[in-house]
>>> print(open('protein.pdb').read())   # PDB, C-alpha atoms
ATOM      1  CA  MET A   1    -131.558 -96.385  26.739
ATOM      2  CA  GLY A   2    -130.406 -99.752  28.029
ATOM      3  CA  LYS A   3    -130.547-100.979  31.591
ATOM      4  CA  GLY A   4    -128.206 -98.976  33.807
ATOM      5  CA  ALA A   5    -127.797 -96.204  31.256
ATOM      6  CA  VAL A   6    -127.931 -92.640  32.511
ATOM      7  CA  ASP A   7    -129.588 -89.793  30.657
ATOM      8  CA  LEU A   8    -126.622 -87.531  29.901
ATOM      9  CA  PRO A   9    -128.309 -84.204  30.759
ATOM     10  CA  ASP A  10    -129.267 -85.573  34.216
ATOM     11  CA  PHE A  11    -125.812 -87.073  34.732
ATOM     12  CA  ALA A  12    -124.095 -83.822  33.684
ATOM     13  CA  ARG A  13    -125.672 -82.034  36.668
ATOM     14  CA  TYR A  14    -123.632 -84.323  38.909
ATOM     15  CA  PHE A  15    -120.353 -82.737  37.735
ATOM     16  CA  ASN A  16    -119.063 -79.922  39.947
ATOM     17  CA  THR A  17    -115.471 -79.618  38.781
ATOM     18  CA  VAL A  18    -112.812 -80.825  36.352
ATOM     19  CA  LYS A  19    -109.934 -83.260  36.543
ATOM     20  CA  TRP A  20    -106.938 -83.286  34.266
ATOM     21  CA  PHE A  21    -104.211 -85.526  32.918
ATOM     22  CA  MET A  22    -100.907 -84.435  31.405
ATOM     23  CA  MET A  23     -98.352 -86.621  29.699
ATOM     24  CA  ILE A  24     -94.996 -84.858  29.418
ATOM     25  CA  GLY A  25     -91.593 -86.103  28.305
ATOM     26  CA  THR A  26     -88.435 -85.240  30.166
ATOM     27  CA  ASN A  27     -85.929 -85.412  27.296
ATOM     28  CA  SER A  28     -86.017 -82.686  24.649
ATOM     29  CA  GLY A  29     -86.128 -83.358  20.940
ATOM     30  CA  TYR A  30     -87.083 -86.383  18.916
ATOM     31  CA  ASP A  31     -83.750 -88.244  18.694
ATOM     32  CA  LEU A  32     -84.099 -90.039  21.993
ATOM     33  CA  SER A  33     -81.686 -92.909  21.464
ATOM     34  CA  GLY A  34     -79.602 -91.599  24.380
ATOM     35  CA  GLN A  35     -82.490 -90.545  26.602
ATOM     36  CA  THR A  36     -81.989 -90.396  30.341
ATOM     37  CA  VAL A  37     -84.430 -90.945  33.179
ATOM     38  CA  MET A  38     -85.342 -87.871  35.242
ATOM     39  CA  PRO A  39     -85.622 -89.093  38.835
ATOM     40  CA  GLN A  40     -89.099 -88.862  40.385
ATOM     41  CA  GLU A  41     -87.898 -86.510  43.120
ATOM     42  CA  GLU A  42     -86.331 -84.133  40.584
ATOM     43  CA  PHE A  43     -89.502 -84.071  38.473
ATOM     44  CA  SER A  44     -91.692 -83.585  41.565
ATOM     45  CA  ASP A  45     -89.502 -80.736  42.834
ATOM     46  CA  LEU A  46     -89.647 -79.037  39.429
ATOM     47  CA  PHE A  47     -93.449 -79.355  39.248
ATOM     48  CA  ARG A  48     -93.859 -78.019  42.787
ATOM     49  CA  ALA A  49     -91.570 -75.043  42.062
ATOM     50  CA  VAL A  50     -93.564 -74.206  38.939
ATOM     51  CA  ALA A  51     -96.875 -74.598  40.808
ATOM     52  CA  GLU A  52     -95.571 -72.360  43.618
ATOM     53  CA  GLY A  53     -94.624 -69.673  41.089
ATOM     54  CA  VAL A  54     -98.098 -69.743  39.568
ATOM     55  CA  TYR A  55     -99.652 -69.707  43.054
ATOM     56  CA  ALA A  56     -97.656 -66.589  43.961
ATOM     57  CA  GLU A  57     -99.118 -64.840  40.906
ATOM     58  CA  THR A  58    -102.687 -66.181  40.920
ATOM     59  CA  GLY A  59    -103.515 -67.470  44.388
ATOM     60  CA  VAL A  60    -104.419 -70.838  42.832
ATOM     61  CA  TYR A  61    -102.223 -73.837  43.627
ATOM     62  CA  ILE A  62    -102.223 -76.774  41.225
ATOM     63  CA  SER A  63    -101.803 -79.941  43.278
ATOM     64  CA  ALA A  64    -100.972 -83.095  41.381
ATOM     65  CA  VAL A  65     -99.940 -86.719  41.470
ATOM     66  CA  ALA A  66     -97.072 -87.730  39.168
ATOM     67  CA  HIS A  67     -96.244 -91.213  37.924
ATOM     68  CA  ALA A  68     -93.204 -92.214  35.878
ATOM     69  CA  SER A  69     -94.411 -93.566  32.546
ATOM     70  CA  ARG A  70     -93.442 -94.221  28.949
ATOM     71  CA  ALA A  71     -94.971 -92.472  25.950
ATOM     72  CA  LEU A  72     -95.587 -94.926  23.137
ATOM     73  CA  TYR A  73     -95.867 -93.736  19.564
ATOM     74  CA  ARG A  74     -94.600 -94.747  16.134
ATOM     75  CA  ALA A  75     -90.889 -95.497  15.797
ATOM     76  CA  GLU A  76     -90.998 -93.586  12.490
ATOM     77  CA  TRP A  77     -91.883 -90.470  14.508
ATOM     78  CA  GLY A  78     -88.856 -90.910  16.763
ATOM     79  CA  CYS A  79     -90.171 -93.106  19.573
ATOM     80  CA  PRO A  80     -87.229 -94.985  21.066
ATOM     81  CA  ALA A  81     -87.405 -98.719  21.731
ATOM     82  CA  GLY A  82     -89.376 -99.272  24.932
ATOM     83  CA  GLY A  83     -91.015 -95.823  24.742
ATOM     84  CA  GLU A  84     -90.083 -92.269  25.653
ATOM     85  CA  PHE A  85     -89.383 -91.610  29.336
ATOM     86  CA  SER A  86     -92.112 -89.314  30.588
ATOM     87  CA  TYR A  87     -94.410 -88.516  33.480
ATOM     88  CA  THR A  88     -98.163 -88.798  33.678
ATOM     89  CA  VAL A  89     -99.467 -86.058  35.946
ATOM     90  CA  THR A  90    -103.034 -85.834  37.224
ATOM     91  CA  GLY A  91    -105.014 -83.437  39.349
ATOM     92  CA  CYS A  92    -108.470 -82.193  40.224
ATOM     93  CA  CYS A  93    -109.873 -78.764  40.979
ATOM     94  CA  ASN A  94    -111.289 -78.708  44.496
ATOM     95  CA  PRO A  95    -114.324 -76.418  44.100
ATOM     96  CA  LEU A  96    -114.179 -75.533  47.810
ATOM     97  CA  TYR A  97    -110.980 -73.561  47.201
ATOM     98  CA  THR A  98    -111.243 -72.036  43.735
ATOM     99  CA  SER A  99    -113.508 -71.659  40.741
ATOM    100  CA  VAL A 100    -113.046 -73.965  37.781
ATOM    101  CA  ASP A 101    -112.304 -70.963  35.538
ATOM    102  CA  ASP A 102    -109.534 -69.667  37.811
ATOM    103  CA  TYR A 103    -108.172 -73.183  38.212
ATOM    104  CA  LEU A 104    -108.029 -73.807  34.470
ATOM    105  CA  SER A 105    -106.237 -70.499  33.933
ATOM    106  CA  ALA A 106    -103.617 -71.424  36.552
ATOM    107  CA  LEU A 107    -103.343 -74.955  35.152
ATOM    108  CA  GLU A 108    -102.602 -73.566  31.684
ATOM    109  CA  GLN A 109     -99.776 -71.479  33.145
ATOM    110  CA  VAL A 110     -98.300 -74.502  34.942
ATOM    111  CA  VAL A 111     -98.505 -76.618  31.778
ATOM    112  CA  ARG A 112     -96.868 -73.950  29.609
ATOM    113  CA  ARG A 113     -94.061 -73.436  32.134
ATOM    114  CA  MET A 114     -93.421 -77.164  32.490
ATOM    115  CA  LYS A 115     -93.307 -77.461  28.709
ATOM    116  CA  ALA A 116     -90.723 -74.683  28.541
ATOM    117  CA  ARG A 117     -88.631 -75.915  31.483
ATOM    118  CA  LEU A 118     -88.433 -79.437  30.042
ATOM    119  CA  ARG A 119     -87.831 -78.082  26.516
ATOM    120  CA  GLN A 120     -90.735 -80.036  25.035
ATOM    121  CA  THR A 121     -92.051 -79.289  21.568
ATOM    122  CA  ALA A 122     -95.411 -80.906  22.362
ATOM    123  CA  LEU A 123     -97.280 -82.439  25.259
ATOM    124  CA  TYR A 124    -100.699 -83.855  25.949
ATOM    125  CA  VAL A 125    -103.266 -82.436  28.390
ATOM    126  CA  GLU A 126    -106.796 -83.712  28.826
ATOM    127  CA  VAL A 127    -109.393 -81.899  30.948
ATOM    128  CA  VAL A 128    -112.665 -83.668  31.698
ATOM    129  CA  PRO A 129    -115.776 -82.953  33.794
ATOM    130  CA  ALA A 130    -115.705 -84.622  37.205
ATOM    131  CA  HIS A 131    -117.370 -84.736  40.578
ATOM    132  CA  CYS A 132    -115.334 -83.948  43.693
ATOM    133  CA  ASP A 133    -116.286 -84.629  47.291
ATOM    134  CA  TYR A 134    -113.688 -83.441  49.781
ATOM    135  CA  TYR A 135    -113.326 -85.301  53.075
ATOM    136  CA  ASN A 136    -111.056 -83.659  55.616
ATOM    137  CA  TYR A 137    -109.689 -85.120  58.830
ATOM    138  CA  GLU A 138    -112.289 -83.385  61.005
ATOM    139  CA  GLU A 139    -115.193 -85.375  59.597
ATOM    140  CA  ALA A 140    -116.202 -88.669  61.187
TER
END
>>> encode(input="protein.pdb", output="structure tokens")
Amino acid sequence: MGKGAVDLPDFARYFNTVKWFMMIGTNSGYDLSGQTVMPQEEFSDLFRAVAEGVYAETGVYISAVAHASRALYRAEWGCPAGGEFSYTVTGCCNPLYTSVDDYLSALEQVVRRMKARLRQTALYVEVVPAHCDYYNYEEA
């Protein structure tokens, strides 16, 4: 391996959790010539309500950060000029509060419910290994 390269098996031991990314549109269908922008607060409130519902059932809360974005794909597939209004949502399982398996199960429920609530036919979710260190306000 080259200088600075890490042996993957050794590096893999560093991972203690997962992080995830979801790209989800806010307008249903593929004819988006008249698409509208869902305000950030409305999207955030919807996500939080869905996450609260899953928490009530599972005891696992899916925290996230949401950014307004544009999905870019081929115009022949229905992508409007300038891209499809969407949100990129990210999060990370804090292993101090829940197991990765329980977290992923709750995450799947949140994703499926968001997909249904926003009437999406498809969305994109990526889950990758990560390392999480949690620093709370009590630490110096």
>>> closest_residue(input="protein.pdb", among="A:Arg74, A:Arg48, A:Arg112, A:His131", to="Cys93 (chain A)", atoms="only C-alpha atoms")
A:His131
>>> resolve_selection(input="protein.pdb", expression="the PyMOL selection byres ((chain A and resi 55-58) around 10)", output="mmCIF file with C-alpha atoms, in the coordinates of the input")
data_model
loop_
_atom_site.group_PDB
_atom_site.id
_atom_site.type_symbol
_atom_site.label_atom_id
_atom_site.label_comp_id
_atom_site.auth_asym_id
_atom_site.auth_seq_id
_atom_site.Cartn_x
_atom_site.Cartn_y
_atom_site.Cartn_z
ATOM 1 C CA ALA A 49 -91.570 -75.043 42.062
ATOM 2 C CA VAL A 50 -93.564 -74.206 38.939
ATOM 3 C CA ALA A 51 -96.875 -74.598 40.808
ATOM 4 C CA GLU A 52 -95.571 -72.360 43.618
ATOM 5 C CA GLY A 53 -94.624 -69.673 41.089
ATOM 6 C CA VAL A 54 -98.098 -69.743 39.568
ATOM 7 C CA GLY A 59 -103.515 -67.470 44.388
ATOM 8 C CA VAL A 60 -104.419 -70.838 42.832
ATOM 9 C CA TYR A 61 -102.223 -73.837 43.627
ATOM 10 C CA ILE A 62 -102.223 -76.774 41.225
ATOM 11 C CA ASP A 102 -109.534 -69.667 37.811
ATOM 12 C CA TYR A 103 -108.172 -73.183 38.212
ATOM 13 C CA SER A 105 -106.237 -70.499 33.933
ATOM 14 C CA ALA A 106 -103.617 -71.424 36.552
ATOM 15 C CA GLN A 109 -99.776 -71.479 33.145
ATOM 16 C CA VAL A 110 -98.300 -74.502 34.942
#
>>> closest_residue(input="protein.pdb", among="A:Ala130, A:Ala68, A:Val18, A:Leu96", to="Glu41 (chain A)", atoms="all atoms listed in the file")
A:Ala68
>>> resolve_selection(input="protein.pdb", expression="the PyMOL selection byres ((chain A and resi 65) around 9)", output="tab-separated table (two decimals) with C-alpha atoms, keeping the file's coordinate frame")
chain	number	residue	atom	x	y	z
A	44	SER	CA	-91.69	-83.58	41.56
A	63	SER	CA	-101.80	-79.94	43.28
A	64	ALA	CA	-100.97	-83.10	41.38
A	66	ALA	CA	-97.07	-87.73	39.17
A	67	HIS	CA	-96.24	-91.21	37.92
A	88	THR	CA	-98.16	-88.80	33.68
A	89	VAL	CA	-99.47	-86.06	35.95
A	90	THR	CA	-103.03	-85.83	37.22
A	91	GLY	CA	-105.01	-83.44	39.35
>>> axis_aligned_box(input="protein.pdb", around="region 116-124 of chain A", padding_each_side="5 Å", output="JSON")
{"center_x": -94.3, "center_y": -79.3, "center_z": 26.5, "size_x": 22.9, "size_y": 19.2, "size_z": 19.9}
>>> atom_distance(input="protein.pdb", atom1="CA of Ala71 (chain A)", atom2="CA of Glu84 (chain A)")
4.9 Å
>>> closest_residue(input="protein.pdb", among="A:Ala116, A:Leu104, A:Val128, A:Leu46", to="Ser28 (chain A)", atoms="only C-alpha atoms")
A:Ala116
>>> closest_residue(input="protein.pdb", among="A:Ala81, A:Cys132, A:Met114, A:Val125", to="Phe47 (chain A)", atoms="all atoms listed in the file")
A:Met114
